[in-house]
Amino acid sequence: MAEPAPDHTEIYDDLSARRYFAKFDRIIAHMPRVAAELERDGHLTRADLRLMGSYMEALQRSFQALSLKYLMTGRTEGPGIRQRLAFDRHESGFPVAAELLFMANDAAQAVGHLAQMPSEAELKDRMVRQIVGDQTIPTALQYTLSQRLYYQMLVQGGLFLARNDVQAQWLSGADGQRRVWLLSWAVYDSLVNLPVVYLMELEDSGRTPLPRDDRRWPAVQSHLMAQSLNGLKLLTIAQGLDTDFPDLHPKRLKRLHLGPMYSSAFTLQSGPIGEVLAEAMAPEGQDWALVWTLENLVSSGSQMEKTGWFSTTERQTFALDPFMGRGAETGASATHRFVILPERPYQVLAEKNPPGFHDITRFVVAPGGHVMKVR
């Protein structure tokens with residue numbers, strides 16, 4: 001991996017690496033509870049919630065895999081051994097996108113690596129014999145075991161990768177009616193180093209159900225994945241699909257940014273969130289805040305548009321945010337922001353009540369793990 005950018009840093013010792021991954025393990029465990037609150041508030045549908053749960057589970061598995069890969073950070077040296085996680089410490093807090101790309105490459109070769117490595121039982125037996133016989137710490141064997149466990153987890157799959165291809169879930173519509181599909185896909189945005197999930201509800205007026213259409217389905221998957229890596233507005237993505245596929249009619253498109261994560265122990269932050277975390281002086285495990293942004297674009301109707309001498313095509317019209325003319329700027333019908341944080345930082349945030357947080361919904365995590373929404 002190349003030298004980290006100025007806003008990227010690396011973790012150089014095993015204790016810091018373990019604290020980093022333990023922090024994210026706790027944070028990601030709270031995500032499904034927050035998503036359930038968003039479903040109760042009408043921001044997500046029940047079908048949205050089920051899909052979000054699968055992406056959050058995949059994200060947690062990816063972090064667990066990386067924690068195994070970097071378990072021996074700072075304790076092993078040698079040719080070909082790189083034991084430093086790179087993460088974005090400025091406006092993300094998450095690992096840099098290159099880590100996910102390397103993990104996908106490792107996953108593609110994991111079976112071959114495992115075939116060349118001693119078994120887990122053999123490695124543990126060698127470690128015991130070295131400890132008892134040589135009375136030395138089996139660091140090299142510990143490293144090999146950590147890598148074996150890493151590859152085993154990659155083989156099991158279920159990971160959140162840099163590209164998580166488009167899937168389709170049937171919602172309604174029988175033969176002779178328009179079928180309604182919920183498309184979902186996700187990316188690890190390399191511009192901001194954050195996981196981003198997309199949910200699109202669309203009507204299908206084609207003859208063959210979209211996922212079984214050998215012509216349309218691969219083209220739709222390719223189209224949407226290509227549109228998801230450029231930071232495009234939702235309006236641009238929806239209109240592009242509407243234009244390029246005349247028999248597909250997008251009715252709703254949502255994009256959820258699962259971050260950034262802020263922590264005084266790992267990230268650099270300025271402004272109110274930095275002041276809140278600094279004043280909170282929260283104990284280890286409670287020094288963090290996670291921000292979510294949910295963009296929602298809704299079709300307000302459709303109209304017939306002439307596309308040739310004798311042909312017309314249905315085109316969608318989309319409702320944009322009417323407040324202060326922000327719709328044209330955001331390309332969305334509405335944008336909602338949420339912050340998730342433990343009790344101690346929340347108490348400081350409530351006392352300071354900084355202006356930038358007035359319109360942000362707050363979710364407070366109690367010591368027992370219960371999540372409570374606070375306005």
# chains A, B, ... in the order shown; residues from 1 in each chain; ligands from 1
call {"tool": "residues_around", "arguments": {"residues": "Ala219 (chain A)", "least_positions_apart": "6", "cutoff": "12 Å", "atoms": "only C-alpha atoms", "output": "PyMOL selection string"}}
result
chain A and resi 166+210-211+213+225-226+241+244-245
call {"tool": "write_last_selection", "arguments": {"atoms": "all heavy atoms", "output": "PDB file, in the first residue's frame"}}
result
ATOM      1  N   VAL A 166     -25.865  -5.317  -7.037  1.00  0.00           N
ATOM      2  CA  VAL A 166     -27.303  -5.063  -6.951  1.00  0.00           C
ATOM      3  C   VAL A 166     -28.064  -6.376  -6.777  1.00  0.00           C
ATOM      4  O   VAL A 166     -27.820  -7.352  -7.492  1.00  0.00           O
ATOM      5  CB  VAL A 166     -27.799  -4.330  -8.213  1.00  0.00           C
ATOM      6  CG1 VAL A 166     -29.285  -3.986  -8.081  1.00  0.00           C
ATOM      7  CG2 VAL A 166     -26.971  -3.067  -8.464  1.00  0.00           C
ATOM      8  N   LEU A 210     -37.693  -8.683 -14.029  1.00  0.00           N
ATOM      9  CA  LEU A 210     -36.365  -8.091 -14.156  1.00  0.00           C
ATOM     10  C   LEU A 210     -35.224  -9.037 -13.775  1.00  0.00           C
ATOM     11  O   LEU A 210     -34.276  -9.194 -14.557  1.00  0.00           O
ATOM     12  CB  LEU A 210     -36.295  -6.801 -13.327  1.00  0.00           C
ATOM     13  CG  LEU A 210     -34.947  -6.067 -13.322  1.00  0.00           C
ATOM     14  CD1 LEU A 210     -34.558  -5.641 -14.723  1.00  0.00           C
ATOM     15  CD2 LEU A 210     -34.999  -4.862 -12.382  1.00  0.00           C
ATOM     16  N   PRO A 211     -35.236  -9.699 -12.607  1.00  0.00           N
ATOM     17  CA  PRO A 211     -34.080 -10.541 -12.259  1.00  0.00           C
ATOM     18  C   PRO A 211     -33.898 -11.759 -13.166  1.00  0.00           C
ATOM     19  O   PRO A 211     -32.828 -12.363 -13.163  1.00  0.00           O
ATOM     20  CB  PRO A 211     -34.394 -10.985 -10.813  1.00  0.00           C
ATOM     21  CG  PRO A 211     -35.406 -10.013 -10.320  1.00  0.00           C
ATOM     22  CD  PRO A 211     -36.215  -9.622 -11.515  1.00  0.00           C
ATOM     23  N   ASP A 213     -34.484 -11.537 -16.501  1.00  0.00           N
ATOM     24  CA  ASP A 213     -34.320 -10.999 -17.852  1.00  0.00           C
ATOM     25  C   ASP A 213     -32.828 -10.949 -18.179  1.00  0.00           C
ATOM     26  O   ASP A 213     -32.087 -10.109 -17.645  1.00  0.00           O
ATOM     27  CB  ASP A 213     -34.939  -9.602 -17.929  1.00  0.00           C
ATOM     28  CG  ASP A 213     -35.062  -9.091 -19.354  1.00  0.00           C
ATOM     29  OD1 ASP A 213     -34.113  -9.304 -20.134  1.00  0.00           O
ATOM     30  OD2 ASP A 213     -36.091  -8.476 -19.690  1.00  0.00           O
ATOM     31  N   MET A 225     -24.233   0.204 -10.407  1.00  0.00           N
ATOM     32  CA  MET A 225     -22.941   0.176  -9.722  1.00  0.00           C
ATOM     33  C   MET A 225     -22.027   1.276 -10.247  1.00  0.00           C
ATOM     34  O   MET A 225     -21.306   1.921  -9.478  1.00  0.00           O
ATOM     35  CB  MET A 225     -22.279  -1.189  -9.908  1.00  0.00           C
ATOM     36  CG  MET A 225     -22.988  -2.345  -9.216  1.00  0.00           C
ATOM     37  SD  MET A 225     -23.315  -2.096  -7.443  1.00  0.00           S
ATOM     38  CE  MET A 225     -21.660  -1.859  -6.804  1.00  0.00           C
ATOM     39  N   ALA A 226     -22.076   1.524 -11.551  1.00  0.00           N
ATOM     40  CA  ALA A 226     -21.245   2.585 -12.128  1.00  0.00           C
ATOM     41  C   ALA A 226     -21.669   3.958 -11.615  1.00  0.00           C
ATOM     42  O   ALA A 226     -20.835   4.859 -11.470  1.00  0.00           O
ATOM     43  CB  ALA A 226     -21.320   2.542 -13.651  1.00  0.00           C
ATOM     44  N   LEU A 241     -31.467   6.041 -14.778  1.00  0.00           N
ATOM     45  CA  LEU A 241     -32.105   4.738 -14.949  1.00  0.00           C
ATOM     46  C   LEU A 241     -33.424   4.882 -15.704  1.00  0.00           C
ATOM     47  O   LEU A 241     -33.735   4.078 -16.586  1.00  0.00           O
ATOM     48  CB  LEU A 241     -32.354   4.098 -13.586  1.00  0.00           C
ATOM     49  CG  LEU A 241     -32.869   2.668 -13.638  1.00  0.00           C
ATOM     50  CD1 LEU A 241     -31.735   1.695 -13.945  1.00  0.00           C
ATOM     51  CD2 LEU A 241     -33.561   2.274 -12.334  1.00  0.00           C
ATOM     52  N   ASP A 244     -32.546   5.407 -19.457  1.00  0.00           N
ATOM     53  CA  ASP A 244     -31.865   4.327 -20.162  1.00  0.00           C
ATOM     54  C   ASP A 244     -32.681   3.040 -20.228  1.00  0.00           C
ATOM     55  O   ASP A 244     -32.396   2.172 -21.067  1.00  0.00           O
ATOM     56  CB  ASP A 244     -30.516   4.044 -19.504  1.00  0.00           C
ATOM     57  CG  ASP A 244     -29.524   5.179 -19.701  1.00  0.00           C
ATOM     58  OD1 ASP A 244     -29.825   6.078 -20.505  1.00  0.00           O
ATOM     59  OD2 ASP A 244     -28.462   5.174 -19.043  1.00  0.00           O
ATOM     60  N   PHE A 245     -33.671   2.891 -19.346  1.00  0.00           N
ATOM     61  CA  PHE A 245     -34.483   1.677 -19.316  1.00  0.00           C
ATOM     62  C   PHE A 245     -35.958   2.071 -19.333  1.00  0.00           C
ATOM     63  O   PHE A 245     -36.573   2.275 -18.281  1.00  0.00           O
ATOM     64  CB  PHE A 245     -34.157   0.848 -18.069  1.00  0.00           C
ATOM     65  CG  PHE A 245     -32.722   0.393 -18.010  1.00  0.00           C
ATOM     66  CD1 PHE A 245     -31.757   1.183 -17.403  1.00  0.00           C
ATOM     67  CD2 PHE A 245     -32.333  -0.807 -18.589  1.00  0.00           C
ATOM     68  CE1 PHE A 245     -30.441   0.782 -17.354  1.00  0.00           C
ATOM     69  CE2 PHE A 245     -31.014  -1.226 -18.548  1.00  0.00           C
ATOM     70  CZ  PHE A 245     -30.061  -0.424 -17.936  1.00  0.00           C
TER      71      PHE A 245
END
call {"tool": "residues_around", "arguments": {"residues": "Leu101 (chain A)", "least_positions_apart": "6", "cutoff": "12 Å", "atoms": "only C-alpha atoms", "output": "compact mmCIF listing (two decimals) with all heavy atoms, in the first residue's frame"}}
result
# COMPACT_ATOMS: atom_id res chain seq x y z
N MET A 1 0.85 -1.19 0.00
CA MET A 1 0.00 0.00 0.00
C MET A 1 0.89 1.24 0.00
O MET A 1 1.93 1.28 0.65
CB MET A 1 -0.91 -0.01 1.24
CG MET A 1 -1.97 1.08 1.25
SD MET A 1 -3.00 1.00 2.74
CE MET A 1 -3.85 -0.55 2.45
N SER A 62 -16.80 -7.86 8.11
CA SER A 62 -15.60 -7.30 7.50
C SER A 62 -14.66 -6.73 8.55
O SER A 62 -13.43 -6.92 8.46
CB SER A 62 -15.97 -6.22 6.48
OG SER A 62 -16.54 -6.79 5.32
N LEU A 66 -10.86 -8.00 9.42
CA LEU A 66 -9.71 -7.10 9.49
C LEU A 66 -9.03 -7.16 10.86
O LEU A 66 -7.81 -7.03 10.97
CB LEU A 66 -10.14 -5.68 9.17
CG LEU A 66 -10.47 -5.37 7.70
CD1 LEU A 66 -11.03 -3.97 7.56
CD2 LEU A 66 -9.24 -5.54 6.82
N PRO A 95 -11.70 2.52 8.15
CA PRO A 95 -10.54 2.15 7.34
C PRO A 95 -10.62 2.78 5.95
O PRO A 95 -11.71 3.02 5.43
CB PRO A 95 -10.64 0.62 7.26
CG PRO A 95 -11.42 0.23 8.47
CD PRO A 95 -12.39 1.34 8.70
N ALA A 107 -9.72 -12.45 -0.44
CA ALA A 107 -10.82 -13.42 -0.46
C ALA A 107 -10.77 -14.29 -1.71
O ALA A 107 -11.09 -15.48 -1.67
CB ALA A 107 -12.16 -12.68 -0.37
N ALA A 108 -10.37 -13.68 -2.83
CA ALA A 108 -10.31 -14.43 -4.08
C ALA A 108 -9.22 -15.50 -4.05
O ALA A 108 -9.29 -16.48 -4.79
CB ALA A 108 -10.06 -13.47 -5.24
N LEU A 159 -19.31 -10.86 3.56
CA LEU A 159 -18.55 -9.66 3.89
C LEU A 159 -19.11 -8.44 3.19
O LEU A 159 -19.70 -8.53 2.11
CB LEU A 159 -17.08 -9.84 3.48
CG LEU A 159 -16.35 -11.04 4.07
CD1 LEU A 159 -15.05 -11.27 3.32
CD2 LEU A 159 -16.09 -10.84 5.56
N PHE A 160 -18.89 -7.29 3.78
CA PHE A 160 -19.15 -6.01 3.12
C PHE A 160 -17.87 -5.64 2.39
O PHE A 160 -16.83 -5.41 3.01
CB PHE A 160 -19.51 -4.94 4.16
CG PHE A 160 -20.07 -3.67 3.56
CD1 PHE A 160 -21.42 -3.38 3.65
CD2 PHE A 160 -19.24 -2.75 2.91
CE1 PHE A 160 -21.95 -2.22 3.11
CE2 PHE A 160 -19.75 -1.59 2.35
CZ PHE A 160 -21.12 -1.32 2.45
N LEU A 161 -17.95 -5.58 1.06
CA LEU A 161 -16.77 -5.32 0.24
C LEU A 161 -16.85 -3.92 -0.37
O LEU A 161 -17.80 -3.17 -0.12
CB LEU A 161 -16.65 -6.38 -0.85
CG LEU A 161 -16.50 -7.82 -0.33
CD1 LEU A 161 -16.58 -8.82 -1.48
CD2 LEU A 161 -15.20 -7.99 0.45
N ALA A 162 -15.84 -3.59 -1.16
CA ALA A 162 -15.84 -2.26 -1.79
C ALA A 162 -17.02 -2.10 -2.73
O ALA A 162 -17.56 -1.01 -2.89
CB ALA A 162 -14.52 -2.04 -2.54
N ARG A 163 -17.46 -3.20 -3.37
CA ARG A 163 -18.64 -3.22 -4.24
C ARG A 163 -19.51 -4.39 -3.83
O ARG A 163 -19.06 -5.53 -3.80
CB ARG A 163 -18.22 -3.38 -5.70
CG ARG A 163 -17.55 -2.17 -6.31
CD ARG A 163 -16.91 -2.53 -7.66
NE ARG A 163 -17.88 -3.15 -8.57
CZ ARG A 163 -18.59 -2.46 -9.45
NH1 ARG A 163 -18.46 -1.15 -9.54
NH2 ARG A 163 -19.43 -3.08 -10.27
N ASN A 164 -20.75 -4.12 -3.50
CA ASN A 164 -21.71 -5.14 -3.13
C ASN A 164 -22.84 -5.06 -4.14
O ASN A 164 -23.66 -4.13 -4.12
CB ASN A 164 -22.21 -4.90 -1.71
CG ASN A 164 -21.06 -4.85 -0.69
OD1 ASN A 164 -20.63 -5.86 -0.17
ND2 ASN A 164 -20.54 -3.64 -0.46
N VAL A 187 -21.78 0.26 -1.55
CA VAL A 187 -20.38 0.48 -1.93
C VAL A 187 -19.63 1.02 -0.72
O VAL A 187 -20.23 1.50 0.24
CB VAL A 187 -20.24 1.50 -3.10
CG1 VAL A 187 -20.92 0.97 -4.36
CG2 VAL A 187 -20.81 2.86 -2.71
N TYR A 188 -18.34 0.89 -0.79
CA TYR A 188 -17.47 1.56 0.19
C TYR A 188 -16.88 2.74 -0.56
O TYR A 188 -15.96 2.59 -1.36
CB TYR A 188 -16.38 0.61 0.68
CG TYR A 188 -15.78 1.01 2.00
CD1 TYR A 188 -16.37 0.62 3.21
CD2 TYR A 188 -14.63 1.78 2.05
CE1 TYR A 188 -15.82 0.98 4.43
CE2 TYR A 188 -14.06 2.16 3.27
CZ TYR A 188 -14.66 1.75 4.46
OH TYR A 188 -14.12 2.13 5.67
N ASP A 189 -17.45 3.92 -0.34
CA ASP A 189 -17.12 5.10 -1.13
C ASP A 189 -15.66 5.50 -0.91
O ASP A 189 -15.27 5.87 0.20
CB ASP A 189 -18.05 6.25 -0.73
CG ASP A 189 -18.01 7.42 -1.71
OD1 ASP A 189 -16.91 7.73 -2.20
OD2 ASP A 189 -19.07 8.00 -1.98
N SER A 190 -14.87 5.44 -1.97
CA SER A 190 -13.44 5.72 -1.86
C SER A 190 -13.15 7.21 -1.68
O SER A 190 -12.05 7.57 -1.26
CB SER A 190 -12.69 5.19 -3.09
OG SER A 190 -13.19 5.80 -4.27
N ASN A 193 -14.34 7.35 2.21
CA ASN A 193 -14.01 6.18 3.03
C ASN A 193 -15.13 5.84 4.00
O ASN A 193 -14.94 5.72 5.22
CB ASN A 193 -12.70 6.42 3.79
CG ASN A 193 -11.51 6.54 2.86
OD1 ASN A 193 -11.27 5.68 2.02
ND2 ASN A 193 -10.77 7.64 2.98
call {"tool": "select_by_dssp", "arguments": {"residues": "region 86-308 of chain A", "states": "strand (DSSP E or B)", "output": "PyMOL selection string"}}
result
chain A and resi 86-88+95+163-172+179-189+194-204+248-262+289-306
call {"tool": "residues_around", "arguments": {"residues": "Tyr262 (chain A)", "least_positions_apart": "4", "cutoff": "6 Å", "atoms": "only C-alpha atoms", "output": "MDAnalysis selection string"}}
result
chainID A and resid 267 288:289
call {"tool": "select_by_dssp", "arguments": {"residues": "region 113-341 of chain A", "states": "alpha helix (DSSP H)", "output": "PyMOL selection string"}}
result
chain A and resi 113-115+120-129+139-156+216-227+234-244+272-280+326-330
call {"tool": "closest_atom_pairs", "arguments": {"of": "region 97-185 of chain A", "to": "region 87-93 of chain A", "cutoff": "12 Å", "atoms": "only C-alpha atoms", "output": "JSON lines"}}
result
{"residue": "A:Ala97", "atom": "CA", "partner": "A:Phe87", "partner_atom": "CA", "distance": 8.5}
{"residue": "A:Ala98", "atom": "CA", "partner": "A:Phe87", "partner_atom": "CA", "distance": 9.4}
{"residue": "A:Glu99", "atom": "CA", "partner": "A:Phe87", "partner_atom": "CA", "distance": 8.5}
{"residue": "A:Leu100", "atom": "CA", "partner": "A:Phe87", "partner_atom": "CA", "distance": 11.0}
call {"tool": "closest_residue", "arguments": {"among": "A:Ile28, A:Leu235, A:Val132, A:Ala35", "to": "Leu294 (chain A)", "atoms": "only C-alpha atoms"}}
result
A:Ala35
call {"tool": "residues_around", "arguments": {"residues": "Arg337 (chain A)", "least_positions_apart": "4", "cutoff": "6 Å", "atoms": "only C-alpha atoms", "output": "MDAnalysis selection string"}}
result
chainID A and resid 292:293 360
call {"tool": "write_last_selection", "arguments": {"atoms": "N, CA and C atoms", "output": "PDB file, in the first residue's frame"}}
result
ATOM      1  N   TRP A 292     -25.057   9.464  10.810  1.00  0.00           N
ATOM      2  CA  TRP A 292     -25.690   8.876   9.622  1.00  0.00           C
ATOM      3  C   TRP A 292     -26.362   9.979   8.828  1.00  0.00           C
ATOM      4  N   THR A 293     -26.341   9.848   7.511  1.00  0.00           N
ATOM      5  CA  THR A 293     -27.086  10.752   6.636  1.00  0.00           C
ATOM      6  C   THR A 293     -27.965   9.918   5.719  1.00  0.00           C
ATOM      7  N   ILE A 360     -30.607  17.747  13.892  1.00  0.00           N
ATOM      8  CA  ILE A 360     -30.091  16.382  13.850  1.00  0.00           C
ATOM      9  C   ILE A 360     -30.780  15.545  14.930  1.00  0.00           C
TER      10      ILE A 360
END
